[in-house]
>>> print(open('entry.txt').read())   # compact mmCIF, C-alpha atoms
# COMPACT_ATOMS: atom_id res chain seq x y z
CA MET V 418 5.41 -11.76 19.97
CA HIS V 419 2.84 -9.18 18.91
CA SER V 420 -0.86 -9.80 19.33
CA ASP V 421 -3.14 -8.96 16.44
CA PRO V 422 -5.82 -6.29 16.89
CA PRO V 423 -9.39 -7.61 17.13
CA ILE V 424 -10.50 -7.99 13.54
CA ASP V 425 -14.16 -8.46 14.54
CA SER V 426 -14.20 -4.96 16.04
CA ILE V 427 -12.67 -3.56 12.83
CA ARG V 428 -15.35 -5.33 10.80
CA HIS V 429 -17.97 -3.60 12.94
CA GLY V 430 -16.47 -0.18 12.22
CA ASP V 431 -14.38 0.28 15.38
CA THR V 432 -11.82 2.92 14.36
CA LYS V 433 -9.89 2.50 17.64
CA ALA V 434 -9.23 -1.15 16.82
CA PHE V 435 -8.30 -0.12 13.29
CA GLY V 436 -5.85 2.41 14.73
CA LEU V 437 -4.23 -0.46 16.65
CA LEU V 438 -3.91 -2.41 13.41
CA ILE V 439 -2.22 0.54 11.68
CA ARG V 440 0.18 1.06 14.62
CA ARG V 441 0.99 -2.63 14.65
CA PHE V 442 1.82 -2.88 10.95
CA GLN V 443 2.87 0.60 9.78
CA GLY V 444 6.57 -0.03 10.47
CA PRO V 445 6.77 -3.37 8.62
CA VAL V 446 4.70 -1.97 5.72
CA PHE V 447 6.99 1.05 5.29
CA GLY V 448 10.02 -1.23 5.67
CA TYR V 449 8.69 -3.46 2.88
CA LEU V 450 7.90 -0.51 0.59
CA GLY V 451 11.36 0.99 1.24
CA ARG V 452 13.02 -2.29 0.33
CA LEU V 453 11.04 -2.27 -2.91
CA GLY V 454 12.94 0.94 -3.74
CA LEU V 455 9.99 3.32 -3.40
CA SER V 456 10.45 6.90 -2.24
CA GLN V 457 8.97 8.22 1.03
CA GLY V 458 6.13 9.99 -0.83
CA GLU V 459 5.20 6.95 -2.89
CA ALA V 460 5.33 4.71 0.17
CA GLU V 461 3.04 7.02 2.15
CA GLU V 462 0.49 7.08 -0.65
CA LEU V 463 0.54 3.30 -1.14
CA ALA V 464 0.50 2.50 2.57
CA GLN V 465 -2.52 4.78 3.09
CA GLU V 466 -4.36 3.14 0.22
CA ALA V 467 -3.50 -0.34 1.50
CA PHE V 468 -4.79 0.38 5.01
CA LEU V 469 -7.95 1.96 3.60
CA ARG V 470 -8.58 -1.15 1.51
CA ALA V 471 -8.05 -3.31 4.58
CA TRP V 472 -10.65 -1.19 6.39
CA ARG V 473 -13.19 -1.37 3.57
CA HIS V 474 -12.72 -5.09 2.94
CA ALA V 475 -12.17 -6.33 6.50
CA ASP V 476 -15.17 -8.65 6.02
CA ARG V 477 -13.18 -10.53 3.37
CA PHE V 478 -10.45 -11.52 5.82
CA ASP V 479 -10.71 -15.18 6.77
CA PRO V 480 -8.56 -16.06 9.81
CA ALA V 481 -8.93 -19.74 8.95
CA SER V 482 -7.09 -19.38 5.66
CA ALA V 483 -4.37 -16.81 6.42
CA SER V 484 -2.92 -14.71 9.22
CA LEU V 485 -3.70 -11.01 9.46
CA SER V 486 -0.15 -10.09 8.41
CA THR V 487 -0.33 -12.36 5.34
CA TRP V 488 -3.67 -10.86 4.31
CA LEU V 489 -2.51 -7.27 4.82
CA PHE V 490 0.80 -7.80 3.03
CA THR V 491 -1.03 -9.38 0.08
CA ILE V 492 -2.95 -6.09 -0.29
CA VAL V 493 0.22 -4.00 0.09
CA ARG V 494 2.20 -6.19 -2.31
CA ASN V 495 -0.45 -6.11 -5.04
CA LEU V 496 -0.82 -2.34 -4.81
CA ALA V 497 2.95 -1.81 -4.81
CA LEU V 498 3.66 -4.10 -7.76
CA ASN V 499 0.85 -2.50 -9.76
CA ALA V 500 2.33 0.92 -9.02
CA LEU V 501 5.80 -0.28 -10.03
CA ALA V 502 4.41 -1.72 -13.25
CA ARG V 503 2.65 1.56 -14.03
CA SER V 504 5.78 3.61 -13.55
CA GLU V 505 8.34 1.66 -15.52
CA ARG V 506 10.92 4.26 -14.74
CA ARG V 507 13.77 3.32 -12.47
CA HIS V 508 13.83 5.32 -9.29
CA HIS V 509 16.65 7.78 -9.16
CA VAL V 510 16.51 8.61 -5.52
CA ALA V 511 17.37 12.04 -4.23
CA LEU V 512 19.19 12.29 -0.92
CA ASP V 513 16.14 14.08 0.51
CA ASP V 514 14.12 10.90 0.14
CA VAL V 515 16.32 8.77 2.36
CA GLY V 516 16.86 11.09 5.27
CA GLU V 517 14.35 9.65 7.71
CA THR V 518 16.21 6.47 8.59
CA ALA V 519 19.29 8.22 9.96
CA ASP V 520 17.84 8.11 13.43
CA GLU V 521 20.92 7.65 15.61
CA SER V 522 22.04 11.29 15.38
CA PRO V 523 25.32 10.58 13.62
CA GLY V 524 27.77 13.36 12.80
CA PRO V 525 27.69 15.06 9.40
CA ALA V 526 30.31 12.74 7.87
CA GLN V 527 28.55 9.62 9.16
CA ALA V 528 25.19 10.95 7.98
CA MET V 529 26.57 11.55 4.50
CA GLU V 530 28.09 8.08 4.39
CA LEU V 531 24.83 6.53 5.53
CA ALA V 532 22.84 8.53 2.96
CA GLU V 533 25.26 7.44 0.24
CA ARG V 534 24.93 3.78 1.27
CA GLN V 535 21.14 4.10 1.25
CA ARG V 536 21.22 5.71 -2.18
CA MET V 537 23.45 2.92 -3.54
CA LEU V 538 21.29 0.23 -1.99
CA ARG V 539 18.08 1.69 -3.36
CA GLY V 540 19.65 2.09 -6.79
CA ALA V 541 20.68 -1.59 -6.74
CA LEU V 542 17.25 -2.72 -5.48
CA CYS V 543 15.53 -0.88 -8.31
CA ARG V 544 17.51 -2.89 -10.82
CA LEU V 545 16.09 -6.19 -9.57
CA PRO V 546 12.90 -7.59 -11.15
CA PRO V 547 9.93 -6.45 -8.99
CA VAL V 548 8.81 -9.99 -8.08
CA ASP V 549 12.30 -10.94 -6.86
CA ARG V 550 12.59 -7.63 -5.03
CA SER V 551 9.26 -8.26 -3.34
CA VAL V 552 10.32 -11.67 -1.96
CA LEU V 553 13.58 -10.17 -0.72
CA ALA V 554 11.69 -7.28 0.90
CA LEU V 555 9.21 -9.63 2.60
CA SER V 556 11.96 -11.93 3.89
CA TYR V 557 13.16 -9.20 6.28
CA PHE V 558 9.80 -9.14 8.06
CA ARG V 559 10.53 -11.83 10.65
CA GLU V 560 6.90 -12.72 11.28
CA LEU V 561 6.47 -14.10 7.77
CA ASP V 562 7.74 -17.61 7.11
CA PHE V 563 8.25 -19.00 3.60
CA ALA V 564 4.74 -20.44 3.48
CA ALA V 565 3.31 -16.97 4.17
CA ILE V 566 5.67 -15.29 1.68
CA ALA V 567 4.69 -17.83 -0.99
CA ARG V 568 1.02 -17.18 -0.28
CA ILE V 569 1.48 -13.41 -0.58
CA GLU V 570 3.44 -13.81 -3.79
CA GLY V 571 0.96 -16.32 -5.23
CA CYS V 572 3.64 -18.94 -5.90
CA SER V 573 4.96 -22.17 -4.38
CA GLU V 574 7.39 -22.14 -1.46
CA ALA V 575 10.09 -23.56 -3.73
CA ALA V 576 9.55 -20.71 -6.20
CA ALA V 577 9.68 -18.14 -3.40
CA LYS V 578 12.98 -19.59 -2.13
CA GLN V 579 14.35 -19.56 -5.67
CA ARG V 580 13.35 -15.91 -6.12
CA LEU V 581 14.96 -14.95 -2.81
CA TYR V 582 18.19 -16.74 -3.68
CA ARG V 583 18.25 -15.08 -7.13
CA ALA V 584 17.55 -11.65 -5.64
CA ARG V 585 20.28 -11.90 -3.00
CA ILE V 586 22.90 -13.05 -5.53
CA ALA V 587 21.93 -10.29 -7.99
CA LEU V 588 21.91 -7.62 -5.28
CA ARG V 589 25.31 -8.69 -3.97
CA ARG V 590 26.75 -8.51 -7.51
CA LEU V 591 25.24 -5.09 -8.13
CA LEU V 592 26.61 -3.72 -4.85
CA GLU V 593 30.06 -5.24 -5.41
CA ASN V 594 30.22 -3.73 -8.90
CA ARG V 595 29.34 -0.34 -7.42
CA HIS V 596 32.18 -0.65 -4.91
CA GLU V 597 34.80 -1.40 -7.58
CA MET H 941 25.67 -9.84 1.32
CA ASN H 942 27.72 -6.91 2.61
CA ASP H 943 26.83 -6.52 6.27
CA PRO H 944 26.26 -2.72 6.24
CA PHE H 945 23.75 -3.17 3.40
CA ASP H 946 22.13 -6.12 5.14
CA ASP H 947 21.68 -3.95 8.24
CA LEU H 948 20.14 -1.20 6.12
CA LEU H 949 17.75 -3.68 4.50
CA ALA H 950 16.77 -5.02 7.90
CA ARG H 951 16.08 -1.48 9.12
CA GLY H 952 13.84 -0.96 6.12
CA LEU H 953 15.09 2.32 4.52
CA LEU H 954 11.80 4.12 5.20
CA GLU H 955 9.76 4.88 8.31
CA PRO H 956 6.16 6.00 8.69
CA PRO H 957 5.64 9.69 9.43
CA ALA H 958 4.68 10.49 13.02
CA ASP H 959 1.09 11.40 12.06
CA PHE H 960 0.51 8.46 9.73
CA VAL H 961 -2.12 6.75 11.90
CA ASP H 962 -4.10 9.99 12.24
CA ARG H 963 -3.93 10.62 8.51
CA VAL H 964 -5.39 7.20 7.69
CA LEU H 965 -8.06 7.47 10.38
CA GLN H 966 -9.09 10.88 9.03
CA ARG H 967 -9.65 9.33 5.61
CA VAL H 968 -11.63 6.49 7.19
CA ALA H 969 -13.93 9.04 8.83
CA LEU H 970 -14.82 10.61 5.46
CA PRO H 971 -18.03 9.34 3.84
CA PRO H 972 -17.28 6.97 0.98
CA ALA H 973 -17.55 8.36 -2.55
CA GLU H 974 -20.99 7.84 -4.10
CA PRO H 975 -20.92 4.90 -6.52
CA ARG H 976 -21.49 5.68 -10.20
CA TRP H 977 -24.68 3.60 -10.47
CA ARG H 978 -26.24 5.57 -7.61
CA ARG H 979 -25.41 8.90 -9.30
CA TRP H 980 -27.08 7.62 -12.48
CA ALA H 981 -30.14 6.45 -10.56
CA ARG H 982 -30.42 9.81 -8.78
CA ASP H 983 -30.10 11.77 -12.06
CA ALA H 984 -32.60 9.48 -13.82
CA ALA H 985 -35.12 9.92 -10.98
CA LEU H 986 -34.67 13.71 -11.16
CA VAL H 987 -35.20 13.87 -14.94
CA GLY H 988 -38.09 11.38 -14.80
CA GLY H 989 -39.79 13.35 -12.03
CA ALA H 990 -39.37 16.63 -13.93
CA LEU H 991 -40.87 15.12 -17.10
CA LEU H 992 -43.78 13.67 -15.17
CA GLY H 993 -44.41 16.97 -13.42
CA GLY H 994 -44.28 18.87 -16.72
CA ALA H 995 -46.67 16.43 -18.35
CA GLN H 996 -49.14 16.79 -15.47
CA LEU H 997 -48.94 20.57 -15.71
CA LEU H 998 -49.62 20.42 -19.45
CA ALA H 999 -52.52 18.01 -18.88
CA PHE H 1000 -54.02 20.34 -16.28
CA ALA H 1001 -53.65 23.35 -18.61
CA PHE H 1002 -55.21 21.40 -21.48
CA ALA H 1003 -58.09 20.23 -19.28
CA ALA H 1004 -58.72 23.79 -18.10
CA TRP H 1005 -58.66 25.09 -21.66
CA THR H 1006 -60.98 22.32 -22.84
CA ALA H 1007 -63.45 23.03 -20.01
CA SER H 1008 -63.44 26.78 -20.64
CA THR H 1009 -64.00 26.47 -24.39
CA ALA H 1010 -66.63 23.68 -24.24
CA PHE H 1011 -69.60 26.07 -23.79
>>> encode(input="entry.txt", output="structure tokens")
Amino acid sequence: MHSDPPIDSIRHGDTKAFGLLIRRFQGPVFGYLGRLGLSQGEAEELAQEAFLRAWRHADRFDPASASLSTWLFTIVRNLALNALARSERRHHVALDDVGETADESPGPAQAMELAERQRMLRGALCRLPPVDRSVLALSYFRELDFAAIARIEGCSEAAAKQRLYRARIALRRLLENRHE
Amino acid sequence: MNDPFDDLLARGLLEPPADFVDRVLQRVALPPAEPRWRRWARDAALVGGALLGGAQLLAFAFAAWTASTAF
């Protein structure tokens, strides 16, 4: 179980505490943005903007109404979905963009296979509606339960579950069709 | 879902660059951009001050001319 960085210190301009917050959430935020089908460059830009907004608006965070992760992911999600809406293009991902997750030093053949699987997965993800993709992407962050996901998405828990079910079915179909 | 893809999704596909925290903290250290209303207020004060100064100069010149031509 992770402990949250002291939000009161961040509100008072403590950059060390803010650094702790970034370290705590940078992995999950990049994981979420990657599962949305964004490239490394786009994810870096959006993640930076999201953390800067969290810094500027730390006084708006109310621990009584939501957890820190729910609040932060609401910022990330809104920025990401706005960016996806602006660029209506589908992301055709170059192999260069997916290289950073091959972290177990596989051989060249394994690396190519992994890169190909990542490319296929990202291609399939990009064909899902952004709101469904977002629920699917959030569901892999274990600290968020359905109540938190629904809050981030601005919908009911039942609607969030429905979106996740729809997204998983659609993704499975897309990946199976690619295999055939 | 296919397990290899599920594993990939769980791993997240992307990772933060090693210097990500430093990059964000550098941007935090920068002074915030000046809001538009403040730029307007500053420009208005500058123009207003210049006009006032010019008017005073003209008034002084006129007063001096009036005094010198009165006799």
>>> closest_residue(input="entry.txt", among="H:Trp980, H:Phe945, H:Phe1000, H:Trp1005", to="chain V", atoms="only C-alpha atoms")
H:Phe945
>>> residues_around(input="entry.txt", residues="Asn499 (chain V)", least_positions_apart="6", cutoff="12 Å", atoms="only C-alpha atoms", output="CSV table (one decimal) with C-alpha atoms, in the coordinates of the input")
chain,number,residue,atom,x,y,z
V,463,LEU,CA,0.5,3.3,-1.1
V,492,ILE,CA,-3.0,-6.1,-0.3
V,493,VAL,CA,0.2,-4.0,0.1
V,505,GLU,CA,8.3,1.7,-15.5
V,547,PRO,CA,9.9,-6.4,-9.0
V,548,VAL,CA,8.8,-10.0,-8.1
>>> interface_residues(input="entry.txt", of="chain H", to="chain V", cutoff="7 Å", atoms="only C-alpha atoms", output="PyMOL selection string")
chain H and resi 941+945+949-956+961+964+968
>>> write_last_selection(input="entry.txt", atoms="C-alpha atoms", output="PDB file, in the coordinates of the input")
ATOM      1  CA  MET H 941      25.670  -9.840   1.320  1.00  0.00           C
ATOM      2  CA  PHE H 945      23.750  -3.170   3.400  1.00  0.00           C
ATOM      3  CA  LEU H 949      17.750  -3.680   4.500  1.00  0.00           C
ATOM      4  CA  ALA H 950      16.770  -5.020   7.900  1.00  0.00           C
ATOM      5  CA  ARG H 951      16.080  -1.480   9.120  1.00  0.00           C
ATOM      6  CA  GLY H 952      13.840  -0.960   6.120  1.00  0.00           C
ATOM      7  CA  LEU H 953      15.090   2.320   4.520  1.00  0.00           C
ATOM      8  CA  LEU H 954      11.800   4.120   5.200  1.00  0.00           C
ATOM      9  CA  GLU H 955       9.760   4.880   8.310  1.00  0.00           C
ATOM     10  CA  PRO H 956       6.160   6.000   8.690  1.00  0.00           C
ATOM     11  CA  VAL H 961      -2.120   6.750  11.900  1.00  0.00           C
ATOM     12  CA  VAL H 964      -5.390   7.200   7.690  1.00  0.00           C
ATOM     13  CA  VAL H 968     -11.630   6.490   7.190  1.00  0.00           C
TER      14      VAL H 968
END
>>> residues_around(input="entry.txt", residues="Ala434 (chain V)", least_positions_apart="6", cutoff="12 Å", atoms="all atoms listed in the file", output="PyMOL selection string")
(chain V and resi 421-428+440-441+472+475) or (chain H and resi 961+965)
>>> atom_distance(input="entry.txt", atom1="CA of Ala575 (chain V)", atom2="CA of Leu498 (chain V)")
20.9 Å
>>> axis_aligned_box(input="entry.txt", around="region 421-429 of chain V", padding_each_side="4 Å", output="lines of an AutoDock Vina configuration file")
center_x = -10.6
center_y = -6.3
center_z = 14.0
size_x = 22.8
size_y = 13.4
size_z = 14.3
>>> atom_distance(input="entry.txt", atom1="CA of Thr487 (chain V)", atom2="CA of Leu561 (chain V)")
7.4 Å
>>> closest_residue(input="entry.txt", among="V:Glu459, V:Pro525, V:Trp488, V:Cys543", to="Ala587 (chain V)", atoms="only C-alpha atoms")
V:Cys543
>>> build_atoms(input="entry.txt", residues="region 422-441 of chain V", atoms="N, CA and C atoms", output="mmCIF file, in the coordinates of the input")
data_model
loop_
_atom_site.group_PDB
_atom_site.id
_atom_site.type_symbol
_atom_site.label_atom_id
_atom_site.label_comp_id
_atom_site.auth_asym_id
_atom_site.auth_seq_id
_atom_site.Cartn_x
_atom_site.Cartn_y
_atom_site.Cartn_z
ATOM 1 N N PRO V 422 -4.640 -7.030 16.441
ATOM 2 C CA PRO V 422 -5.820 -6.290 16.890
ATOM 3 C C PRO V 422 -7.101 -7.070 16.580
ATOM 4 N N PRO V 423 -8.159 -6.823 17.332
ATOM 5 C CA PRO V 423 -9.390 -7.610 17.130
ATOM 6 C C PRO V 423 -10.059 -7.277 15.789
ATOM 7 N N ILE V 424 -9.989 -8.220 14.899
ATOM 8 C CA ILE V 424 -10.500 -7.990 13.540
ATOM 9 C C ILE V 424 -12.030 -7.863 13.535
ATOM 10 N N ASP V 425 -12.693 -8.555 14.481
ATOM 11 C CA ASP V 425 -14.160 -8.460 14.540
ATOM 12 C C ASP V 425 -14.607 -7.030 14.830
ATOM 13 N N SER V 426 -13.862 -6.357 15.735
ATOM 14 C CA SER V 426 -14.200 -4.960 16.040
ATOM 15 C C SER V 426 -13.999 -4.085 14.809
ATOM 16 N N ILE V 427 -12.928 -4.349 14.048
ATOM 17 C CA ILE V 427 -12.670 -3.560 12.830
ATOM 18 C C ILE V 427 -13.801 -3.771 11.827
ATOM 19 N N ARG V 428 -14.238 -5.026 11.712
ATOM 20 C CA ARG V 428 -15.350 -5.330 10.800
ATOM 21 C C ARG V 428 -16.617 -4.554 11.178
ATOM 22 N N HIS V 429 -16.770 -4.312 12.478
ATOM 23 C CA HIS V 429 -17.970 -3.600 12.940
ATOM 24 C C HIS V 429 -17.755 -2.081 12.980
ATOM 25 N N GLY V 430 -16.669 -1.625 12.361
ATOM 26 C CA GLY V 430 -16.470 -0.180 12.220
ATOM 27 C C GLY V 430 -15.779 0.481 13.400
ATOM 28 N N ASP V 431 -15.072 -0.292 14.220
ATOM 29 C CA ASP V 431 -14.380 0.280 15.380
ATOM 30 C C ASP V 431 -13.056 0.911 14.919
ATOM 31 N N THR V 432 -13.026 2.240 14.868
ATOM 32 C CA THR V 432 -11.820 2.920 14.360
ATOM 33 C C THR V 432 -10.659 2.819 15.361
ATOM 34 N N LYS V 433 -10.971 2.661 16.655
ATOM 35 C CA LYS V 433 -9.890 2.500 17.640
ATOM 36 C C LYS V 433 -9.121 1.206 17.372
ATOM 37 N N ALA V 434 -9.866 0.133 17.119
ATOM 38 C CA ALA V 434 -9.230 -1.150 16.820
ATOM 39 C C ALA V 434 -8.445 -1.054 15.516
ATOM 40 N N PHE V 435 -9.000 -0.293 14.565
ATOM 41 C CA PHE V 435 -8.300 -0.120 13.290
ATOM 42 C C PHE V 435 -7.001 0.680 13.494
ATOM 43 N N GLY V 436 -7.058 1.659 14.384
ATOM 44 C CA GLY V 436 -5.850 2.410 14.730
ATOM 45 C C GLY V 436 -4.770 1.499 15.294
ATOM 46 N N LEU V 437 -5.195 0.513 16.105
ATOM 47 C CA LEU V 437 -4.230 -0.460 16.650
ATOM 48 C C LEU V 437 -3.590 -1.269 15.520
ATOM 49 N N LEU V 438 -4.432 -1.638 14.551
ATOM 50 C CA LEU V 438 -3.910 -2.410 13.410
ATOM 51 C C LEU V 438 -2.869 -1.597 12.647
ATOM 52 N N ILE V 439 -3.165 -0.310 12.423
ATOM 53 C CA ILE V 439 -2.220 0.540 11.680
ATOM 54 C C ILE V 439 -0.910 0.653 12.471
ATOM 55 N N ARG V 440 -1.031 0.929 13.782
ATOM 56 C CA ARG V 440 0.180 1.060 14.620
ATOM 57 C C ARG V 440 1.010 -0.214 14.603
ATOM 58 N N ARG V 441 0.314 -1.328 14.611
ATOM 59 C CA ARG V 441 0.990 -2.630 14.650
ATOM 60 C C ARG V 441 1.778 -2.901 13.359
#
